[in-house]
Structure formats: C-alpha cells, structure tokens
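J.: Supplied structure: input15.txt, compact mmCIF, C-alpha atoms.
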```txt
# COMPACT_ATOMS: atom_id res chain seq x y z
CA MET A 10 -22.12 104.03 18.16
CA HIS A 11 -21.65 104.79 21.87
CA ASN A 12 -20.44 108.22 22.99
CA SER A 13 -19.68 107.44 26.62
CA PRO A 14 -16.08 108.14 27.67
CA GLN A 15 -13.64 105.35 28.27
CA PRO A 16 -13.28 104.19 31.86
CA PRO A 17 -10.03 105.28 33.50
CA PRO A 18 -7.16 102.85 33.02
CA PRO A 19 -6.63 100.37 35.84
CA PRO A 20 -3.61 100.71 38.13
CA GLU A 21 -0.33 99.09 37.15
CA ARG A 22 -0.69 95.30 37.38
CA ALA A 23 2.85 94.17 38.00
CA ALA A 24 2.91 90.40 38.34
CA PRO A 25 4.49 88.78 41.42
CA LEU A 26 7.19 87.29 39.20
CA VAL A 27 8.13 90.75 37.90
CA ARG A 28 8.27 92.16 41.43
CA ALA A 29 10.39 89.20 42.50
CA SER A 30 12.67 89.77 39.52
CA LEU A 31 13.24 93.37 40.58
CA ALA A 32 14.07 92.18 44.08
CA VAL A 33 16.57 89.67 42.68
CA HIS A 34 18.34 92.39 40.70
CA ILE A 35 18.49 94.73 43.69
CA GLY A 36 19.70 91.93 45.94
CA ALA A 37 22.34 90.81 43.45
CA ALA A 38 23.64 94.37 43.13
CA GLY A 39 23.84 94.65 46.90
CA VAL A 40 25.71 91.36 47.22
CA ALA A 41 28.17 92.37 44.51
CA LEU A 42 28.89 95.66 46.29
CA LEU A 43 29.02 94.41 49.87
CA ARG A 44 30.46 90.94 49.32
CA PRO A 45 32.49 91.13 46.09
CA ARG A 46 33.72 87.55 46.45
CA LEU A 47 30.16 86.34 46.06
CA TRP A 48 29.63 88.06 42.69
CA PRO A 49 29.50 84.72 40.78
CA TRP A 50 26.50 83.69 42.87
CA ALA A 51 24.84 87.07 42.36
CA LEU A 52 25.40 86.78 38.61
CA ALA A 53 24.01 83.24 38.58
CA ALA A 54 20.85 84.44 40.35
CA VAL A 55 20.34 87.18 37.76
CA VAL A 56 20.90 84.77 34.86
CA ALA A 57 18.45 82.26 36.35
CA ASP A 58 15.91 85.05 36.80
CA HIS A 59 16.24 86.11 33.16
CA LEU A 60 15.81 82.53 32.00
CA LEU A 61 12.61 82.22 34.03
CA LEU A 62 11.25 85.49 32.62
CA THR A 63 12.07 84.37 29.09
CA ALA A 64 10.36 81.01 29.61
CA ALA A 65 7.26 82.77 30.95
CA GLY A 66 7.17 85.01 27.88
CA LEU A 67 7.48 82.02 25.53
CA TRP A 68 4.49 80.28 27.16
CA PRO A 69 1.42 82.04 25.67
CA ARG A 70 -0.99 80.83 28.36
CA SER A 71 1.29 81.76 31.26
CA GLN A 72 -0.03 83.94 34.07
CA LEU A 73 3.47 84.62 35.42
CA LEU A 74 3.92 87.97 33.65
CA GLY A 75 0.51 89.35 34.54
CA PRO A 76 -3.24 88.73 34.09
CA ASN A 77 -4.02 86.60 31.06
CA TRP A 78 -7.41 85.23 30.06
CA THR A 79 -7.09 81.61 29.03
CA ARG A 80 -10.80 81.07 29.65
CA LEU A 81 -13.79 83.34 30.02
CA PRO A 82 -14.28 84.56 33.58
CA GLY A 83 -17.24 83.31 35.57
CA ASP A 84 -18.88 79.98 36.20
CA PRO A 85 -17.42 77.24 33.95
CA SER A 86 -20.91 75.71 33.77
CA ASP A 87 -22.14 78.78 31.85
CA SER A 88 -23.02 78.25 28.22
CA ASP A 89 -20.88 81.11 26.87
CA ILE A 90 -17.93 80.28 24.64
CA ALA A 91 -15.63 82.62 22.71
CA ILE A 92 -14.46 82.19 19.13
CA THR A 93 -11.46 84.43 18.47
CA ILE A 94 -10.07 85.00 14.99
CA ASP A 95 -6.57 86.39 14.45
CA ASP A 96 -4.33 88.15 11.95
CA GLY A 97 -6.95 89.81 9.73
CA PRO A 98 -8.77 91.40 8.26
CA ASP A 99 -8.20 89.57 4.98
CA PRO A 100 -10.24 90.60 1.93
CA GLU A 101 -10.25 87.03 0.61
CA VAL A 102 -11.41 85.39 3.84
CA THR A 103 -12.96 87.74 6.41
CA GLY A 104 -16.15 88.45 4.46
CA SER A 105 -16.93 84.74 4.14
CA VAL A 106 -16.21 84.23 7.84
CA LEU A 107 -18.73 86.95 8.67
CA GLU A 108 -21.34 85.29 6.47
CA LEU A 109 -20.87 81.94 8.20
CA LEU A 110 -21.13 83.53 11.63
CA ASP A 111 -24.34 85.30 10.58
CA GLN A 112 -25.84 82.04 9.36
CA HIS A 113 -25.40 80.55 12.82
CA ALA A 114 -26.26 83.74 14.77
CA ALA A 115 -22.81 83.50 16.36
CA ARG A 116 -20.67 86.34 17.68
CA ALA A 117 -16.88 86.39 17.61
CA THR A 118 -13.91 88.55 18.52
CA PHE A 119 -11.47 89.40 15.73
CA PHE A 120 -7.94 90.20 16.87
CA CYS A 121 -6.88 92.44 14.01
CA VAL A 122 -3.49 93.75 12.91
CA GLY A 123 -3.37 97.54 12.82
CA GLU A 124 -1.71 97.98 9.46
CA ARG A 125 -4.25 95.61 7.89
CA ILE A 126 -7.05 97.69 9.40
CA VAL A 127 -5.53 100.76 7.73
CA ARG A 128 -5.46 98.85 4.43
CA TYR A 129 -9.00 97.46 4.72
CA PRO A 130 -10.98 99.85 6.94
CA GLN A 131 -14.30 98.81 5.39
CA LEU A 132 -13.82 95.28 6.74
CA ALA A 133 -13.19 96.64 10.23
CA ALA A 134 -16.41 98.63 10.04
CA GLU A 135 -18.30 95.58 8.78
CA ILE A 136 -17.03 93.41 11.64
CA THR A 137 -18.46 95.75 14.27
CA GLN A 138 -21.61 96.55 12.30
CA ARG A 139 -22.45 92.85 12.28
CA GLY A 140 -22.24 92.70 16.07
CA HIS A 141 -18.74 91.32 16.50
CA GLU A 142 -15.81 92.76 18.40
CA ILE A 143 -12.32 93.80 17.34
CA GLY A 144 -9.34 93.22 19.61
CA ASN A 145 -5.83 94.68 19.33
CA HIS A 146 -3.25 92.31 17.80
CA SER A 147 -0.44 94.91 17.51
CA TYR A 148 0.19 97.21 14.57
CA ARG A 149 2.61 95.17 12.44
CA HIS A 150 2.47 91.63 13.93
CA LEU A 151 6.25 91.56 14.20
CA LYS A 152 7.98 88.23 14.69
CA ARG A 153 10.31 90.06 17.08
CA PHE A 154 7.43 91.57 19.08
CA SER A 155 8.50 89.86 22.31
CA LEU A 156 12.00 91.38 21.96
CA LEU A 157 10.76 94.98 21.92
CA GLY A 158 11.38 97.35 24.81
CA PRO A 159 8.72 99.46 26.57
CA ARG A 160 8.69 102.19 23.89
CA GLY A 161 8.49 99.73 21.02
CA LEU A 162 5.66 97.81 22.69
CA ALA A 163 3.76 101.01 23.47
CA ASP A 164 4.12 102.10 19.84
CA GLU A 165 2.82 98.79 18.48
CA VAL A 166 -0.10 98.71 20.90
CA GLY A 167 -0.94 102.42 20.60
CA ARG A 168 -0.83 102.62 16.80
CA ALA A 169 -3.07 99.57 16.48
CA GLN A 170 -5.48 100.99 19.05
CA GLN A 171 -5.76 104.22 17.07
CA ALA A 172 -6.16 102.46 13.71
CA ILE A 173 -8.90 100.14 14.97
CA SER A 174 -10.76 102.94 16.73
CA ALA A 175 -10.65 105.19 13.67
CA ALA A 176 -11.89 102.50 11.28
CA SER A 177 -14.50 100.79 13.44
CA GLY A 178 -15.65 103.49 15.85
CA ALA A 179 -14.98 101.15 18.78
CA VAL A 180 -12.08 101.19 21.20
CA PRO A 181 -10.56 97.71 21.71
CA ARG A 182 -10.74 96.30 25.22
CA PHE A 183 -8.58 93.22 24.65
CA PHE A 184 -5.08 92.49 23.37
CA ARG A 185 -3.45 89.35 22.05
CA ALA A 186 0.29 89.27 21.46
CA PRO A 187 1.57 88.06 18.08
CA ALA A 188 1.95 84.27 18.40
CA GLY A 189 1.14 84.80 22.08
CA LEU A 190 4.78 85.70 22.84
CA ARG A 191 5.59 88.62 25.14
CA ASN A 192 7.99 89.97 27.75
CA PRO A 193 7.75 91.65 31.20
CA PHE A 194 7.45 95.13 29.64
CA LEU A 195 4.09 94.39 28.01
CA GLU A 196 1.75 94.26 31.00
CA PRO A 197 2.39 97.89 32.14
CA VAL A 198 1.78 99.03 28.55
CA LEU A 199 -1.54 97.17 28.46
CA ALA A 200 -2.57 98.52 31.87
CA ARG A 201 -2.03 102.10 30.74
CA ALA A 202 -4.06 101.43 27.57
CA ASN A 203 -6.89 99.79 29.58
CA LEU A 204 -6.38 96.53 27.67
CA ARG A 205 -6.72 92.98 28.97
CA LEU A 206 -4.39 90.27 27.70
CA VAL A 207 -6.16 87.26 26.20
CA SER A 208 -4.64 83.98 25.02
CA TRP A 209 -6.80 80.89 24.49
CA THR A 210 -8.05 77.61 25.90
CA ARG A 211 -7.10 75.71 22.74
CA ARG A 212 -6.12 76.45 19.17
CA GLY A 213 -6.29 74.52 15.93
CA PHE A 214 -2.93 75.58 14.43
CA ASP A 215 -4.86 76.46 11.31
CA THR A 216 -2.04 78.59 9.90
CA VAL A 217 0.08 75.46 9.37
CA ASN A 218 -2.35 72.53 9.51
CA THR A 219 -4.04 71.96 6.15
CA SER A 220 -6.43 69.27 7.45
CA PRO A 221 -9.82 70.70 8.51
CA ALA A 222 -10.61 67.45 10.34
CA ARG A 223 -7.51 67.73 12.51
CA VAL A 224 -8.09 71.40 13.24
CA LEU A 225 -11.70 70.69 14.19
CA ALA A 226 -10.67 67.81 16.44
CA ARG A 227 -8.23 70.03 18.34
CA LEU A 228 -10.80 72.78 18.82
CA THR A 229 -13.65 70.51 19.94
CA ARG A 230 -11.70 68.23 22.29
CA ASN A 231 -13.31 68.56 25.74
CA LEU A 232 -15.40 71.48 24.45
CA GLY A 233 -17.13 73.29 27.29
CA GLY A 234 -18.46 76.55 28.64
CA GLY A 235 -15.89 79.27 29.14
CA ASP A 236 -13.56 78.03 26.40
CA ILE A 237 -11.70 80.54 24.25
CA LEU A 238 -11.01 79.07 20.81
CA LEU A 239 -8.43 80.40 18.33
CA LEU A 240 -8.72 80.43 14.54
CA HIS A 241 -7.20 82.64 11.81
CA ASP A 242 -8.67 84.58 8.91
CA GLY A 243 -5.28 86.14 8.19
CA HIS A 244 -2.37 83.82 7.30
CA ALA A 245 -4.88 80.97 7.03
CA ALA A 246 -3.53 77.69 5.69
CA ARG A 247 -5.24 76.27 2.62
CA THR A 248 -6.71 72.82 2.19
CA THR A 249 -5.57 70.61 -0.67
CA GLY A 250 -8.44 72.15 -2.62
CA GLY A 251 -7.21 75.67 -1.96
CA VAL A 252 -9.93 76.61 0.57
CA PRO A 253 -8.86 78.62 3.65
CA VAL A 254 -8.94 76.16 6.52
CA ILE A 255 -11.08 78.41 8.71
CA LEU A 256 -13.85 78.37 6.08
CA ALA A 257 -13.74 74.57 5.95
CA VAL A 258 -13.75 74.23 9.76
CA LEU A 259 -16.14 76.94 10.91
CA PRO A 260 -19.50 75.38 9.84
CA ALA A 261 -18.74 72.11 11.63
CA LEU A 262 -17.33 73.95 14.64
CA LEU A 263 -20.41 76.13 14.98
CA MET A 264 -22.63 73.04 14.71
CA ALA A 265 -20.62 71.26 17.42
CA ILE A 266 -20.92 74.30 19.67
CA LYS A 267 -24.69 74.39 19.17
CA GLU A 268 -25.06 70.66 19.82
CA ALA A 269 -23.13 71.10 23.08
CA GLY A 270 -25.64 73.73 24.19
CA LEU A 271 -23.07 76.51 24.02
CA VAL A 272 -23.42 80.08 22.76
CA PRO A 273 -20.58 81.94 20.96
CA VAL A 274 -20.23 85.45 22.42
CA THR A 275 -17.80 88.34 22.19
CA LEU A 276 -15.17 88.70 24.88
CA SER A 277 -16.73 91.93 26.16
CA SER A 278 -19.97 90.03 26.80
CA ALA A 279 -18.08 88.04 29.42
CA LEU A 280 -16.91 91.06 31.41
CA PRO A 281 -18.17 91.28 34.99
CA PRO A 282 -21.42 93.23 35.44
CA ARG A 283 -19.62 96.24 36.94
CA GLN A 284 -17.75 96.66 33.66
CA PRO A 285 -19.54 98.17 30.65
CA ALA A 286 -20.09 95.43 28.10
CA ALA A 287 -20.53 97.90 25.24
CA LEU A 288 -17.37 99.19 23.67
CA SER A 289 -16.75 102.91 24.06
CA ALA A 290 -16.62 105.02 20.92
CA ALA A 291 -13.28 106.29 19.75
CA GLN A 292 -12.62 109.85 20.82
CA PRO A 293 -11.20 112.33 18.31
CA PRO A 294 -7.48 113.12 18.85
```
As structure tokens, how would this structure be written, given the file I've shared?
T.:
Amino acid sequence: MHNSPQPPPPPERAAPLVRASLAVHIGAAGVALLRPRLWPWALAAVVADHLLLTAAGLWPRSQLLGPNWTRLPGDPSDSDIAITIDDGPDPEVTGSVLELLDQHAARATFFCVGERIVRYPQLAAEITQRGHEIGNHSYRHLKRFSLLGPRGLADEVGRAQQAISAASGAVPRFFRAPAGLRNPFLEPVLARANLRLVSWTRRGFDTVNTSPARVLARLTRNLGGGDILLLHDGHAARTTGGVPVILAVLPALLMAIKEAGLVPVTLSSALPPRQPAALSAAQPP
C-alpha cells in the first residue's frame, strides 16, 4: 500500500461547448433586455443550446462536455490495451473473472459501484491485491444519473470514492458514468475529485446480448493498441446455458489479444510519465 499523498486536483476543465453555452445564455439575456422584440430569437438560441448539450451528454464517447478517454493516450502503435469491467463487484462473477485474468497474466480496470463495494468489500480488496485497478462508477448507478445537479453528482462521485478507498486502500483515478450518460455539471465535479472521465473504444453489449460469439466479434473488430474495451461482471447477461457472458467471452478475448501482440494493462499504467502510475493510498477522514 502506498502512503504518498494525492496530487493536487487539476484546475477546472470547462469544455469549450460549456463556455459557449454560458455565452449564449448571457447573450440571450442581454438581447431580451435591450431588444425585447427579439426575445423569440433569444429563446430559440437557448433552446437550441440546451438540445446540443443534451445530445452531447447522451453520446458516451463525446468530448464536447470535457476530456474523455475513448482510447489510451500515447502512440497508437503501442502494444498496451485496456480491458475495463463495469457494474461490480458481483460475488457470483467477479471471483471467476479474476481467476481468468490471472491465468493469462492480464491486468484490468474494474469500474465498481460504491454501494456494491460496501456490500462486498473483500472483493474490492482482492481486485487490488491481484494487481488490478478499481475505478469510480458512482455510488448507486442511478438510471437518472445524467439528470442530477451539481450537488447530486458530487454526492454520487464522492460517496463512491470514499467507499472504494476504504475497502481497497487505493484512491480511484478514473470515473465512468453509468451507461456513459452525463451532463455539463459532471466535469467540474470530476476535476475537483482529481478524476479522469473514461468511456471506451468499443463495447460488447454483454448486459443484453446473450451470444458470446457476437460479443466477442464486437470487441475484437479492428482490435489494436490503445483500445479500451468494455465488459460487465455486474448485470452480466447469461448464455442459454446460464453462464455469465463475460466468463464465456473472456478466455477467447484474452487469447485474441495475445495473438495480436497486445498486452492488457490498467488505465493508470497508461498515464503520462509525469503522473504517478501507482495509486495513492486512501487517507483517513
């Protein structure tokens, strides 16, 4: 366990679209006050702006609301690849996932739900003890996560951060929004928590797709260095034989990654050299 303090949080990372949105609102208010007859046009501009912000939030891989890793940083010719696993930990699935990863000497990043960490703290500890990483996936994984305001988002992010740190001894460095959906209030919350938003290069839809072959095909299409792949140990769909899809897919996926000359690493391993790759230990409250 590392005892070095956390690096200071980065400055606010307001996206150009968010700054432009603020300018639209200020401009519309000015037009409505100074040229009242033009208020319909001012209102139309505000409505159009809100529609654009909503569309950006509904597009998980969008960069319009702030920084968002859809691939690992660095040279795309590098051999590193990231397997990310969401919605756990799950006592019926996560342990078997860890065994499969060990068999292939692969590392992964588990985006865990805070309340599930509280319920299964021993699984959180096991994830990090085996050399993997835990990312923040909110505290309750609310379907309405993207509708929360700044306080609600800060609560979901902060409570999950505390739960994961307490159970695993490691402070998460990465965040993934539930279903990848978010709003303009999220990025400032993540900046203050020193978290980086991560989506994915491709996903297998293994929470709804019961065919391991189809999930594998989606994940391995154009497989290359720098890819971020998404699977689920929590809410995993079952095959017709009742096997969690991730357990049916992972051996073949790991073999395909090896045959392509790629190496599965944690997300922190891909941080630039000036950033500490090791996760800082949780500090007592």
J.: Which residue is closest to Arg128 (chain A)? Choose from A:Arg70, A:Arg149, A:Arg223, A:Arg191 and count all atoms listed in the file.
T.: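 Of A:Arg70, A:Arg149, A:Arg223, A:Arg191, the one nearest Arg128 (chain A), counting all atoms listed in the file, is A:Arg149.
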J.: Give me, please, the distance in Å between CA of Gln171 (chain A) and CA of Gly123 (chain A), quoted to one decimal.
T.: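 Distance between the two atoms: 8.3 Å.
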J.: Can you measure CA of Arg211 (chain A) to CA of Leu228 (chain A) for me? One decimal in Å is fine.
T.: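 A separation of 6.1 Å between them.
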J.: Show me, as a PyMOL selection string, the residues that have an atom within 12 Å of Ile255 (chain A) when counting all atoms listed in the file, minus same-chain residues fewer than 2 positions from it.
T.: chain A and resi 92-95+101-103+105-107+109-110+212-225+228+239-248+251-253+257-263
J.: So, counting all atoms listed in the file, which residue among A:Gly97, A:Gly161, A:Pro69, A:Pro82 is closest to Ile136 (chain A)?
T.: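 Smallest separation from Ile136 (chain A) among the options: A:Gly97.
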J.: Would you list the residues near (-12.6, 87.1, 27.9), meaning any protein, DNA or RNA residue with an atom at most 10 Å from that point in file coordinates, counting all atoms listed in the file, as a list in words?
T.: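 Every residue inside that radius is included here: Asn77, Trp78, Thr79, Arg80, Leu81, Pro82, Gly83, Ile90, Ala91, Thr93, Thr118, Arg182, Phe183, Arg205, Leu206, Val207, Ser208, Trp209, Gly235, Asp236, Ile237, Val274, Thr275, Leu276, Ser277, Ser278, Ala279, Leu280 and Pro281 of chain A.
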J.: Quick one: pull the distance between CA of Leu156 (chain A) and CA of Ala176 (chain A), Å, one decimal.
T.: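 The value is 28.4 Å.
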J.: Just checking: using only C-alpha atoms, which residue out of A:Ser88, A:Leu199, A:Glu135, A:Phe120 ends up closest to Ala269 (chain A)?
T.: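 Of the candidates, the smallest distance to Ala269 (chain A) is held by A:Ser88.
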J.: Using the partial input, fill out region 161-196 of chain A with N, CA and C atoms; write the result as a PDB file, in the coordinates of the input.
T.:
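Output file rebuild_26.pdb is given in full below:
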```pdb
ATOM      1  N   GLY A 161       8.907 100.464  22.208  1.00  0.00           N
ATOM      2  CA  GLY A 161       8.490  99.730  21.020  1.00  0.00           C
ATOM      3  C   GLY A 161       7.149  99.052  21.221  1.00  0.00           C
ATOM      4  N   LEU A 162       6.932  98.459  22.396  1.00  0.00           N
ATOM      5  CA  LEU A 162       5.660  97.810  22.690  1.00  0.00           C
ATOM      6  C   LEU A 162       4.525  98.835  22.735  1.00  0.00           C
ATOM      7  N   ALA A 163       4.786  99.972  23.386  1.00  0.00           N
ATOM      8  CA  ALA A 163       3.760 101.010  23.470  1.00  0.00           C
ATOM      9  C   ALA A 163       3.388 101.538  22.085  1.00  0.00           C
ATOM     10  N   ASP A 164       4.388 101.636  21.198  1.00  0.00           N
ATOM     11  CA  ASP A 164       4.120 102.100  19.840  1.00  0.00           C
ATOM     12  C   ASP A 164       3.256 101.101  19.082  1.00  0.00           C
ATOM     13  N   GLU A 165       3.590  99.815  19.179  1.00  0.00           N
ATOM     14  CA  GLU A 165       2.820  98.790  18.480  1.00  0.00           C
ATOM     15  C   GLU A 165       1.382  98.719  18.995  1.00  0.00           C
ATOM     16  N   VAL A 166       1.231  98.786  20.305  1.00  0.00           N
ATOM     17  CA  VAL A 166      -0.100  98.710  20.900  1.00  0.00           C
ATOM     18  C   VAL A 166      -0.891  99.988  20.595  1.00  0.00           C
ATOM     19  N   GLY A 167      -0.255 101.146  20.778  1.00  0.00           N
ATOM     20  CA  GLY A 167      -0.940 102.420  20.600  1.00  0.00           C
ATOM     21  C   GLY A 167      -1.365 102.678  19.167  1.00  0.00           C
ATOM     22  N   ARG A 168      -0.489 102.392  18.216  1.00  0.00           N
ATOM     23  CA  ARG A 168      -0.830 102.620  16.800  1.00  0.00           C
ATOM     24  C   ARG A 168      -1.977 101.711  16.363  1.00  0.00           C
ATOM     25  N   ALA A 169      -1.963 100.471  16.816  1.00  0.00           N
ATOM     26  CA  ALA A 169      -3.070  99.570  16.480  1.00  0.00           C
ATOM     27  C   ALA A 169      -4.368 100.042  17.118  1.00  0.00           C
ATOM     28  N   GLN A 170      -4.286 100.502  18.357  1.00  0.00           N
ATOM     29  CA  GLN A 170      -5.480 100.990  19.050  1.00  0.00           C
ATOM     30  C   GLN A 170      -6.104 102.160  18.279  1.00  0.00           C
ATOM     31  N   GLN A 171      -5.264 103.062  17.816  1.00  0.00           N
ATOM     32  CA  GLN A 171      -5.760 104.220  17.070  1.00  0.00           C
ATOM     33  C   GLN A 171      -6.361 103.800  15.722  1.00  0.00           C
ATOM     34  N   ALA A 172      -5.675 102.888  15.024  1.00  0.00           N
ATOM     35  CA  ALA A 172      -6.160 102.460  13.710  1.00  0.00           C
ATOM     36  C   ALA A 172      -7.516 101.764  13.823  1.00  0.00           C
ATOM     37  N   ILE A 173      -7.642 100.880  14.799  1.00  0.00           N
ATOM     38  CA  ILE A 173      -8.900 100.140  14.970  1.00  0.00           C
ATOM     39  C   ILE A 173     -10.028 101.082  15.367  1.00  0.00           C
ATOM     40  N   SER A 174      -9.743 101.999  16.281  1.00  0.00           N
ATOM     41  CA  SER A 174     -10.760 102.940  16.730  1.00  0.00           C
ATOM     42  C   SER A 174     -11.240 103.827  15.590  1.00  0.00           C
ATOM     43  N   ALA A 175     -10.293 104.304  14.773  1.00  0.00           N
ATOM     44  CA  ALA A 175     -10.650 105.190  13.670  1.00  0.00           C
ATOM     45  C   ALA A 175     -11.503 104.480  12.620  1.00  0.00           C
ATOM     46  N   ALA A 176     -11.187 103.229  12.342  1.00  0.00           N
ATOM     47  CA  ALA A 176     -11.890 102.500  11.280  1.00  0.00           C
ATOM     48  C   ALA A 176     -13.229 101.934  11.728  1.00  0.00           C
ATOM     49  N   SER A 177     -13.299 101.498  12.985  1.00  0.00           N
ATOM     50  CA  SER A 177     -14.500 100.790  13.440  1.00  0.00           C
ATOM     51  C   SER A 177     -15.401 101.620  14.340  1.00  0.00           C
ATOM     52  N   GLY A 178     -14.866 102.707  14.912  1.00  0.00           N
ATOM     53  CA  GLY A 178     -15.650 103.490  15.850  1.00  0.00           C
ATOM     54  C   GLY A 178     -15.736 102.877  17.223  1.00  0.00           C
ATOM     55  N   ALA A 179     -14.969 101.835  17.477  1.00  0.00           N
ATOM     56  CA  ALA A 179     -14.980 101.150  18.780  1.00  0.00           C
ATOM     57  C   ALA A 179     -13.562 101.015  19.302  1.00  0.00           C
ATOM     58  N   VAL A 180     -13.391 101.278  20.576  1.00  0.00           N
ATOM     59  CA  VAL A 180     -12.080 101.190  21.200  1.00  0.00           C
ATOM     60  C   VAL A 180     -11.853  99.761  21.713  1.00  0.00           C
ATOM     61  N   PRO A 181     -10.809  99.082  21.251  1.00  0.00           N
ATOM     62  CA  PRO A 181     -10.560  97.710  21.710  1.00  0.00           C
ATOM     63  C   PRO A 181     -10.387  97.628  23.228  1.00  0.00           C
ATOM     64  N   ARG A 182     -10.885  96.556  23.777  1.00  0.00           N
ATOM     65  CA  ARG A 182     -10.740  96.300  25.220  1.00  0.00           C
ATOM     66  C   ARG A 182      -9.783  95.153  25.505  1.00  0.00           C
ATOM     67  N   PHE A 183      -9.388  94.419  24.452  1.00  0.00           N
ATOM     68  CA  PHE A 183      -8.580  93.220  24.650  1.00  0.00           C
ATOM     69  C   PHE A 183      -7.375  93.230  23.709  1.00  0.00           C
ATOM     70  N   PHE A 184      -6.312  92.581  24.155  1.00  0.00           N
ATOM     71  CA  PHE A 184      -5.080  92.490  23.370  1.00  0.00           C
ATOM     72  C   PHE A 184      -4.606  91.043  23.337  1.00  0.00           C
ATOM     73  N   ARG A 185      -4.129  90.645  22.172  1.00  0.00           N
ATOM     74  CA  ARG A 185      -3.450  89.350  22.050  1.00  0.00           C
ATOM     75  C   ARG A 185      -2.103  89.588  21.393  1.00  0.00           C
ATOM     76  N   ALA A 186      -1.045  89.081  22.003  1.00  0.00           N
ATOM     77  CA  ALA A 186       0.290  89.270  21.460  1.00  0.00           C
ATOM     78  C   ALA A 186       0.492  88.414  20.212  1.00  0.00           C
ATOM     79  N   PRO A 187       1.265  88.884  19.247  1.00  0.00           N
ATOM     80  CA  PRO A 187       1.570  88.060  18.080  1.00  0.00           C
ATOM     81  C   PRO A 187       2.167  86.717  18.499  1.00  0.00           C
ATOM     82  N   ALA A 188       1.562  85.632  18.041  1.00  0.00           N
ATOM     83  CA  ALA A 188       1.950  84.270  18.400  1.00  0.00           C
ATOM     84  C   ALA A 188       1.850  84.014  19.903  1.00  0.00           C
ATOM     85  N   GLY A 189       1.274  84.956  20.635  1.00  0.00           N
ATOM     86  CA  GLY A 189       1.140  84.800  22.080  1.00  0.00           C
ATOM     87  C   GLY A 189       2.409  85.072  22.859  1.00  0.00           C
ATOM     88  N   LEU A 190       3.478  85.519  22.188  1.00  0.00           N
ATOM     89  CA  LEU A 190       4.780  85.700  22.840  1.00  0.00           C
ATOM     90  C   LEU A 190       4.913  87.136  23.343  1.00  0.00           C
ATOM     91  N   ARG A 191       5.500  87.291  24.534  1.00  0.00           N
ATOM     92  CA  ARG A 191       5.590  88.620  25.140  1.00  0.00           C
ATOM     93  C   ARG A 191       6.782  88.680  26.079  1.00  0.00           C
ATOM     94  N   ASN A 192       6.924  89.814  26.768  1.00  0.00           N
ATOM     95  CA  ASN A 192       7.990  89.970  27.750  1.00  0.00           C
ATOM     96  C   ASN A 192       7.458  90.786  28.936  1.00  0.00           C
ATOM     97  N   PRO A 193       8.256  90.969  29.996  1.00  0.00           N
ATOM     98  CA  PRO A 193       7.750  91.650  31.200  1.00  0.00           C
ATOM     99  C   PRO A 193       7.347  93.100  30.979  1.00  0.00           C
ATOM    100  N   PHE A 194       7.796  93.721  29.878  1.00  0.00           N
ATOM    101  CA  PHE A 194       7.450  95.130  29.640  1.00  0.00           C
ATOM    102  C   PHE A 194       6.030  95.319  29.130  1.00  0.00           C
ATOM    103  N   LEU A 195       5.386  94.243  28.672  1.00  0.00           N
ATOM    104  CA  LEU A 195       4.090  94.390  28.010  1.00  0.00           C
ATOM    105  C   LEU A 195       2.970  94.736  28.980  1.00  0.00           C
ATOM    106  N   GLU A 196       2.898  94.080  30.108  1.00  0.00           N
ATOM    107  CA  GLU A 196       1.750  94.260  31.000  1.00  0.00           C
ATOM    108  C   GLU A 196       1.559  95.720  31.429  1.00  0.00           C
TER     109      GLU A 196
END
```
